[in-house]
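Source file: structure-v4.cif. Holds: mmCIF, C-alpha atoms and all ligand atoms.
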data_work
#
loop_
_atom_site.label_atom_id
_atom_site.label_comp_id
_atom_site.auth_asym_id
_atom_site.auth_seq_id
_atom_site.Cartn_x
_atom_site.Cartn_y
_atom_site.Cartn_z
CA MET A 261 69.98 83.86 100.32
CA GLU A 262 70.51 85.50 96.93
CA PRO A 263 74.12 85.67 95.77
CA VAL A 264 75.74 89.08 95.30
CA VAL A 265 77.47 87.76 92.19
CA ARG A 266 76.36 84.91 89.98
CA MET A 267 78.69 83.75 87.21
CA ARG A 268 77.49 81.24 84.65
CA ASN A 269 79.37 79.30 82.00
CA ILE A 270 82.21 81.80 81.75
CA VAL A 271 84.58 80.95 78.91
CA LYS A 272 87.83 82.77 78.16
CA THR A 273 90.54 81.87 75.70
CA PHE A 274 93.86 83.55 75.01
CA GLY A 275 94.80 82.42 71.50
CA SER A 276 94.92 78.65 71.80
CA VAL A 277 94.97 78.69 75.63
CA ARG A 278 91.60 77.83 77.11
CA ALA A 279 91.99 79.70 80.38
CA LEU A 280 88.35 79.29 81.49
CA GLN A 281 86.20 76.50 80.12
CA GLY A 282 82.76 77.23 81.50
CA VAL A 283 82.93 78.48 85.08
CA ASP A 284 79.88 78.73 87.35
CA LEU A 285 80.40 80.52 90.65
CA ASP A 286 78.20 82.31 93.18
CA LEU A 287 79.46 84.79 95.77
CA TYR A 288 77.52 85.71 98.90
CA GLY A 289 77.58 88.68 101.23
CA GLY A 290 79.16 87.93 104.60
CA GLU A 291 81.36 85.15 103.29
CA VAL A 292 85.01 84.65 102.55
CA LEU A 293 85.42 82.47 99.47
CA ALA A 294 88.87 81.05 98.84
CA LEU A 295 89.79 80.52 95.21
CA LEU A 296 92.35 77.75 95.01
CA GLY A 297 94.16 75.68 92.43
CA ASP A 298 97.49 75.12 90.77
CA ASN A 299 99.43 77.72 88.80
CA GLY A 300 97.61 78.36 85.55
CA ALA A 301 94.30 76.94 86.78
CA GLY A 302 92.48 80.15 85.84
CA LYS A 303 92.03 81.93 89.19
CA SER A 304 93.44 85.29 88.17
CA THR A 305 91.66 85.20 84.83
CA LEU A 306 88.35 84.63 86.60
CA ILE A 307 88.81 87.52 89.02
CA LYS A 308 90.01 89.77 86.22
CA ILE A 309 86.69 89.16 84.52
CA LEU A 310 84.89 89.95 87.77
CA SER A 311 86.92 93.18 88.17
CA GLY A 312 86.32 94.36 84.61
CA LEU A 313 89.87 93.92 83.34
CA HIS A 314 89.00 91.17 80.85
CA SER A 315 85.82 90.36 78.97
CA PRO A 316 84.95 86.68 78.58
CA ASP A 317 84.37 85.06 75.18
CA SER A 318 80.97 83.95 76.45
CA GLY A 319 79.02 83.48 79.65
CA GLU A 320 76.84 85.54 81.94
CA MET A 321 77.34 87.43 85.16
CA GLU A 322 74.80 89.07 87.44
CA ILE A 323 75.69 91.53 90.18
CA GLU A 324 72.94 91.96 92.74
CA GLY A 325 70.48 90.45 90.29
CA ARG A 326 71.43 92.69 87.38
CA LEU A 327 72.85 91.17 84.22
CA VAL A 328 76.25 92.60 83.27
CA ASP A 329 76.60 93.99 79.76
CA TRP A 330 80.16 92.94 78.86
CA LYS A 331 80.51 95.67 76.26
CA ARG A 332 80.16 98.30 78.97
CA TYR A 333 81.77 96.49 81.86
CA THR A 334 85.09 98.24 82.62
CA VAL A 335 87.16 98.48 85.80
CA ALA A 336 85.38 101.74 86.61
CA VAL A 337 81.96 100.16 86.09
CA ALA A 338 82.98 97.17 88.21
CA ARG A 339 84.01 99.53 91.01
CA ALA A 340 80.81 101.47 90.72
CA SER A 341 78.99 98.12 90.98
CA GLY A 342 80.83 97.39 94.23
CA VAL A 343 83.72 95.19 93.06
CA GLU A 344 87.19 96.18 94.33
CA THR A 345 90.35 94.21 93.67
CA VAL A 346 93.41 94.59 95.84
CA TYR A 347 96.58 93.59 94.04
CA GLN A 348 99.61 92.88 96.16
CA GLU A 349 102.13 95.10 94.44
CA ARG A 350 100.53 97.55 92.12
CA SER A 351 97.86 99.06 94.31
CA LEU A 352 99.98 101.38 96.45
CA GLY A 353 102.62 103.85 95.29
CA GLU A 354 105.67 103.61 97.55
CA LYS A 355 106.57 107.26 97.77
CA GLN A 356 103.06 108.64 97.85
CA PRO A 357 101.62 110.00 101.06
CA LEU A 358 98.93 107.75 102.48
CA TRP A 359 96.06 110.13 101.86
CA ARG A 360 96.85 110.38 98.14
CA ASN A 361 96.87 106.63 97.96
CA VAL A 362 93.51 106.25 99.52
CA PHE A 363 91.89 108.65 97.07
CA VAL A 364 93.87 108.04 93.91
CA GLY A 365 91.52 107.86 90.94
CA ARG A 366 88.51 109.23 92.83
CA HIS A 367 89.26 112.34 94.74
CA VAL A 368 86.81 114.27 96.83
CA LEU A 369 86.22 117.43 94.81
CA LYS A 370 84.95 120.75 96.07
CA GLY A 371 83.75 124.07 94.77
CA PHE A 372 82.98 125.44 91.35
CA PHE A 373 86.42 124.52 90.02
CA ARG A 374 86.13 120.93 91.33
CA ARG A 375 89.43 121.12 93.16
CA ILE A 376 90.63 118.22 95.29
CA ASP A 377 89.46 118.64 98.88
CA VAL A 378 92.80 117.84 100.49
CA GLU A 379 91.69 118.52 104.05
CA ARG A 380 88.75 116.18 103.83
CA GLU A 381 90.84 113.47 102.21
CA LYS A 382 93.47 113.74 104.94
CA ALA A 383 90.85 113.64 107.67
CA ALA A 384 89.25 110.55 106.13
CA THR A 385 92.67 108.91 105.85
CA MET A 386 93.37 109.56 109.55
CA GLU A 387 90.04 107.97 110.34
CA LEU A 388 90.96 104.85 108.35
CA LEU A 389 94.37 104.67 110.01
CA SER A 390 93.12 104.90 113.55
CA GLY A 391 89.72 103.31 113.13
CA PHE A 392 90.38 100.48 110.72
CA LEU A 393 94.08 99.79 111.03
CA GLY A 394 94.28 100.64 114.73
CA LEU A 395 97.40 102.74 114.13
CA ARG A 396 96.61 105.47 116.62
CA GLY A 397 99.80 106.92 118.07
CA ALA A 398 102.06 104.73 115.98
CA GLY A 399 103.74 107.81 114.50
CA LEU A 400 101.82 107.40 111.26
CA ASN A 401 99.64 110.06 109.79
CA ALA A 402 98.02 110.97 106.51
CA GLU A 403 101.28 112.51 105.27
CA SER A 404 103.40 109.42 105.94
CA GLN A 405 104.74 107.67 102.87
CA VAL A 406 103.44 104.27 101.92
CA ARG A 407 106.91 102.74 102.25
CA THR A 408 106.79 103.33 106.01
CA LEU A 409 103.94 100.82 106.30
CA SER A 410 104.61 97.13 106.90
CA GLY A 411 103.37 94.58 104.36
CA GLY A 412 100.32 93.70 106.44
CA GLU A 413 99.50 97.35 107.02
CA ARG A 414 99.64 98.02 103.27
CA GLN A 415 97.18 95.24 102.64
CA GLY A 416 95.10 96.67 105.45
CA LEU A 417 95.13 100.15 103.96
CA ALA A 418 94.09 98.80 100.57
CA ILE A 419 91.28 96.81 102.19
CA ALA A 420 90.25 99.84 104.27
CA ARG A 421 90.14 101.90 101.11
CA ALA A 422 87.88 99.35 99.42
CA MET A 423 85.57 99.41 102.45
CA TYR A 424 85.60 103.20 102.59
CA PHE A 425 84.32 103.28 99.02
CA ASP A 426 81.67 100.81 100.07
CA ALA A 427 82.69 97.80 98.00
CA SER A 428 80.40 94.83 98.47
CA ILE A 429 82.93 92.40 96.95
CA ILE A 430 86.60 92.72 97.81
CA VAL A 431 88.98 90.52 95.85
CA LEU A 432 92.39 89.87 97.40
CA ASP A 433 95.02 88.40 95.11
CA GLU A 434 97.57 86.53 97.24
CA PRO A 435 97.39 88.99 100.14
CA THR A 436 99.58 87.00 102.54
CA THR A 437 102.35 85.99 100.15
CA ALA A 438 105.79 87.09 101.39
CA LEU A 439 104.50 88.33 104.76
CA GLY A 440 105.87 87.33 108.17
CA ALA A 441 103.66 85.59 110.70
CA GLY A 442 102.63 88.75 112.56
CA GLU A 443 101.73 90.53 109.34
CA VAL A 444 99.69 87.55 108.16
CA ARG A 445 97.70 87.81 111.40
CA LYS A 446 96.89 91.42 110.60
CA VAL A 447 95.70 90.62 107.08
CA LEU A 448 93.54 87.74 108.32
CA SER A 449 91.94 90.01 110.89
CA PHE A 450 91.19 92.58 108.17
CA VAL A 451 89.57 89.84 106.09
CA ASP A 452 87.51 88.89 109.11
CA ARG A 453 86.35 92.51 109.27
CA ILE A 454 85.19 92.37 105.65
CA ARG A 455 83.04 89.36 106.50
CA SER A 456 81.66 90.79 109.73
CA GLU A 457 80.46 93.86 107.83
CA GLY A 458 78.40 91.55 105.62
CA ARG A 459 80.57 92.06 102.58
CA CYS A 460 82.07 89.32 100.42
CA CYS A 461 85.79 88.60 100.20
CA VAL A 462 87.35 86.50 97.45
CA PHE A 463 90.68 85.34 98.78
CA ILE A 464 93.19 83.85 96.33
CA SER A 465 96.08 82.05 97.95
CA HIS A 466 98.32 79.03 97.75
CA GLU A 467 98.81 79.07 101.51
CA LEU A 468 96.34 76.53 102.67
CA HIS A 469 96.80 77.10 106.38
CA HIS A 470 95.68 80.70 106.00
CA VAL A 471 92.92 79.77 103.60
CA HIS A 472 91.54 77.07 105.84
CA GLU A 473 91.56 79.37 108.82
CA ILE A 474 89.82 82.32 107.20
CA ALA A 475 87.51 81.07 104.43
CA ASP A 476 83.92 79.87 104.74
CA ARG A 477 83.98 78.11 101.38
CA PHE A 478 86.69 76.77 99.13
CA ALA A 479 86.45 76.68 95.34
CA VAL A 480 89.17 74.58 93.74
CA MET A 481 89.96 75.31 90.10
CA GLU A 482 91.65 72.99 87.66
CA HIS A 483 92.31 73.57 83.96
CA GLY A 484 89.88 76.44 83.71
CA ARG A 485 87.05 74.73 85.56
CA ILE A 486 85.72 74.72 89.11
CA ALA A 487 86.63 71.20 90.15
CA ALA A 488 85.14 71.31 93.66
CA VAL A 489 83.37 73.64 96.05
CA ARG A 490 83.40 72.76 99.74
CA ASP A 491 82.26 74.30 102.98
CA ARG A 492 84.81 74.79 105.68
CA SER A 493 82.49 73.12 108.17
CA ASP A 494 82.93 69.73 106.53
CA THR A 495 86.43 69.96 105.10
CA SER A 496 89.53 69.41 107.19
CA LEU A 497 92.84 71.04 106.34
CA ASP A 498 94.17 67.65 105.18
CA GLU A 499 91.20 67.14 102.94
CA LEU A 500 91.60 70.61 101.50
CA ALA A 501 95.26 69.91 100.76
CA ARG A 502 94.31 66.71 98.93
CA LEU A 503 91.59 68.49 96.99
CA VAL A 504 94.02 71.11 95.75
CA LEU A 505 96.70 68.54 94.98
CA LEU A 506 94.34 66.31 93.03
CA GLY A 507 92.39 69.10 91.39
CA GLY A 508 89.15 68.35 93.18
CA ALA A 509 89.14 64.61 92.49
CA VAL A 510 88.57 63.60 96.11
CA PRO A 511 85.26 62.13 97.23
CA PRO A 512 83.89 63.79 100.37
CA THR A 513 84.44 61.65 103.48
CA GLU A 514 80.76 61.86 104.22
CA GLN A 515 77.99 63.43 102.25
CA LYS A 516 76.13 65.95 104.34
CA GLY A 517 72.76 67.12 103.16
CA GLU A 518 73.90 70.68 102.76
CA ASP A 519 72.13 73.27 100.73
CA VAL A 520 73.25 76.83 100.17
N1 LIG A 601 96.92 87.84 79.21
C1 LIG A 601 97.14 86.55 78.91
N2 LIG A 601 97.58 86.19 77.68
C2 LIG A 601 97.78 84.90 77.37
N3 LIG A 601 97.57 83.88 78.21
C3 LIG A 601 97.14 84.15 79.44
C4 LIG A 601 96.90 85.51 79.87
N4 LIG A 601 96.46 85.49 81.15
C5 LIG A 601 96.45 84.20 81.51
N5 LIG A 601 96.84 83.39 80.50
C6 LIG A 601 96.91 81.92 80.54
O1 LIG A 601 95.68 81.44 81.05
C7 LIG A 601 95.88 80.35 81.94
C8 LIG A 601 95.29 80.69 83.30
O2 LIG A 601 96.10 81.68 83.91
P1 LIG A 601 95.77 82.39 85.29
O3 LIG A 601 96.69 83.53 85.42
O4 LIG A 601 94.33 82.67 85.36
O5 LIG A 601 96.14 81.24 86.33
P2 LIG A 601 96.18 81.28 87.93
O6 LIG A 601 95.26 80.22 88.41
O7 LIG A 601 95.93 82.65 88.40
O8 LIG A 601 97.67 80.84 88.26
P3 LIG A 601 98.70 81.35 89.42
O9 LIG A 601 98.34 80.57 90.66
O10 LIG A 601 100.03 80.96 88.90
O11 LIG A 601 98.53 82.83 89.59
C9 LIG A 601 97.38 80.10 81.95
O12 LIG A 601 97.65 79.08 81.01
C10 LIG A 601 97.95 81.41 81.50
O13 LIG A 601 99.19 81.24 80.87
MG MG A 602 97.08 84.12 89.42
#
Please go through the file and, once you have read it, give me the structure as structure tokens.
Amino acid sequence: MEPVVRMRNIVKTFGSVRALQGVDLDLYGGEVLALLGDNGAGKSTLIKILSGLHSPDSGEMEIEGRLVDWKRYTVAVARASGVETVYQERSLGEKQPLWRNVFVGRHVLKGFFRRIDVEREKAATMELLSGFLGLRGAGLNAESQVRTLSGGERQGLAIARAMYFDASIIVLDEPTTALGAGEVRKVLSFVDRIRSEGRCCVFISHELHHVHEIADRFAVMEHGRIAAVRDRSDTSLDELARLVLLGGAVPPTEQKGEDV
């Protein structure tokens, strides 16, 4: 299967800090890839390059077989290419009604004067709430404020929004941090939905229980490099914990003749 995203030899420095020292990574449709590693390993820097926030010093990236021109690759271009990043805090405005949040930055416009089509945006928001989040009859509607949603529901709304705009790669930066057990369940089930629709989810987390449960592959970063990539099918939770702790320096218990 051809990868949706192919990154090759990505290098990024910030002054004297070598944040990424030649990263190769492929992402596939229908998979959840967990990006793991210690603080400062380079995870956020890598996904910021994928989402168009940073340009690398050097390296190549293809999205659906097309080579990215770094000079033109902005957040808007990344989105238009199907890459959506859900940040834990910044993505949703607390006091905004839900429908405004869903469409912020890309409203549905109508008529000669290109006015925002509020009715259509509200209707689409209701559809996301009941269809995707399963919030039918929970007293929530398109006019509700974001602050009335629980942490898991906020993540869900952000993920639903990404899916509504037809993202093929959805990046989640620590989506379960600071959530209670029930809310974590919700987020994991949303991630499962991303996969079952054949899209790709990049899931950054330090919470290995969640990661091991939800991801198909694990990529462990250390000092700006991918130190190990493992399939869930031949990596136990213990082994994953050791991999992350030792920065990938753990021999596999048995070598399976896997090919991707
Ligand atoms: N904008 C920036 N300016 C300067 N240095 C940066 C910048 N962004 C990241 N760095 C540095 O690059 C390195 C990699 O940081 P990055 O944020 O990618 O790590 P991370 O793996 O996401 O860590 P964490 O798990 O703590 O989020 C760190 O040494 C960090 O200090
Ligand atoms: Mg980070």
Please produce, as CSV, a per-residue contact table for range 351-431 of chain A versus range 305-317 of chain A (criterion: any atom at most 12 Å away, all atoms listed in the file considered), showing the nearest atom pair and its distance in Å to one decimal, sorted by chain then residue number.
residue,atom,partner,partner_atom,distance
A:Ala427,CA,A:Ser311,CA,11.7
A:Ile429,CA,A:Ser311,CA,9.7
A:Ile430,CA,A:Ser311,CA,9.7
A:Val431,CA,A:Ile307,CA,7.5
Restrict the selected residues to C-alpha atoms and save them as a CSV table (one decimal), in the frame of the given file.
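Output (out_39.csv):
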chain,number,residue,atom,x,y,z
A,427,ALA,CA,82.7,97.8,98.0
A,429,ILE,CA,82.9,92.4,97.0
A,430,ILE,CA,86.6,92.7,97.8
A,431,VAL,CA,89.0,90.5,95.8
Please indicate the distance in Å from CA of Leu388 in chain A to CA of Asp426 in chain A, rounded to one decimal place.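 Calculated distance between CA of Leu388 in chain A and CA of Asp426 in chain A is 13.1 Å.
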Distance limit 9 Å, reference ligand MG 602 (chain A), atoms considered: only C-alpha atoms and all ligand atoms. Which residues make the cut? Give them as a list in words.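 These are the residues that qualify: Asn299, Gly300, Ala301, Gly302, Lys303, Ser304, Thr305, Ile307, Asp433, Glu434, Ile464 and Ser465 of chain A.
Between ligand LIG 601 (chain A) and the candidates A:Leu287, A:Ala479, A:Val335, A:Ile454, the tightest atom-to-atom separation, counting all atoms listed in the file, involves A:Ala479.
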Smallest atom-to-atom distance to Ala338 in chain A: which of A:Glu467, A:Met321, A:Met261, A:Arg374, using all atoms listed in the file?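 Between A:Glu467, A:Met321, A:Met261, A:Arg374, the residue approaching Ala338 in chain A most closely is A:Met321.
Comparing A:Met423, A:Glu482, A:Arg407, A:Leu503 by their smallest distance to ligand LIG 601 (chain A), the closest is A:Glu482 (using all atoms listed in the file).
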Per-axis box centre and lengths in Å around ligand LIG 601 (chain A), 5 Å margin per side, axis-aligned, as AutoDock Vina command-line options:
--center_x 97.2 --center_y 83.5 --center_z 84.0 --size_x 15.7 --size_y 18.8 --size_z 23.3
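Nearest residue to ligand LIG 601 (chain A), choosing from A:Ile270, A:Leu432, A:Ala279, A:Leu497 and counting all atoms listed in the file: A:Ala279.
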Of the listed residues A:Tyr424, A:Gly325, A:Ala501, A:Val271, that which approaches Glu457 in chain A most closely, counting all atoms listed in the file: A:Tyr424
Give the answer as one residue: which of A:Leu417, A:Ile486, A:Ile323, A:Ile376 has the shortest atom-to-atom distance to Gly394 in chain A, using all atoms listed in the file?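 Looking at the shortest contact to Gly394 in chain A, the residue is A:Leu417.
The spacing separating CA of Tyr288 in chain A from CA of Val264 in chain A amounts to 5.2 Å.
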At what distance in Å, to one decimal, does CA of Leu393 in chain A lie from CA of Gly442 in chain A? 14.0 Å
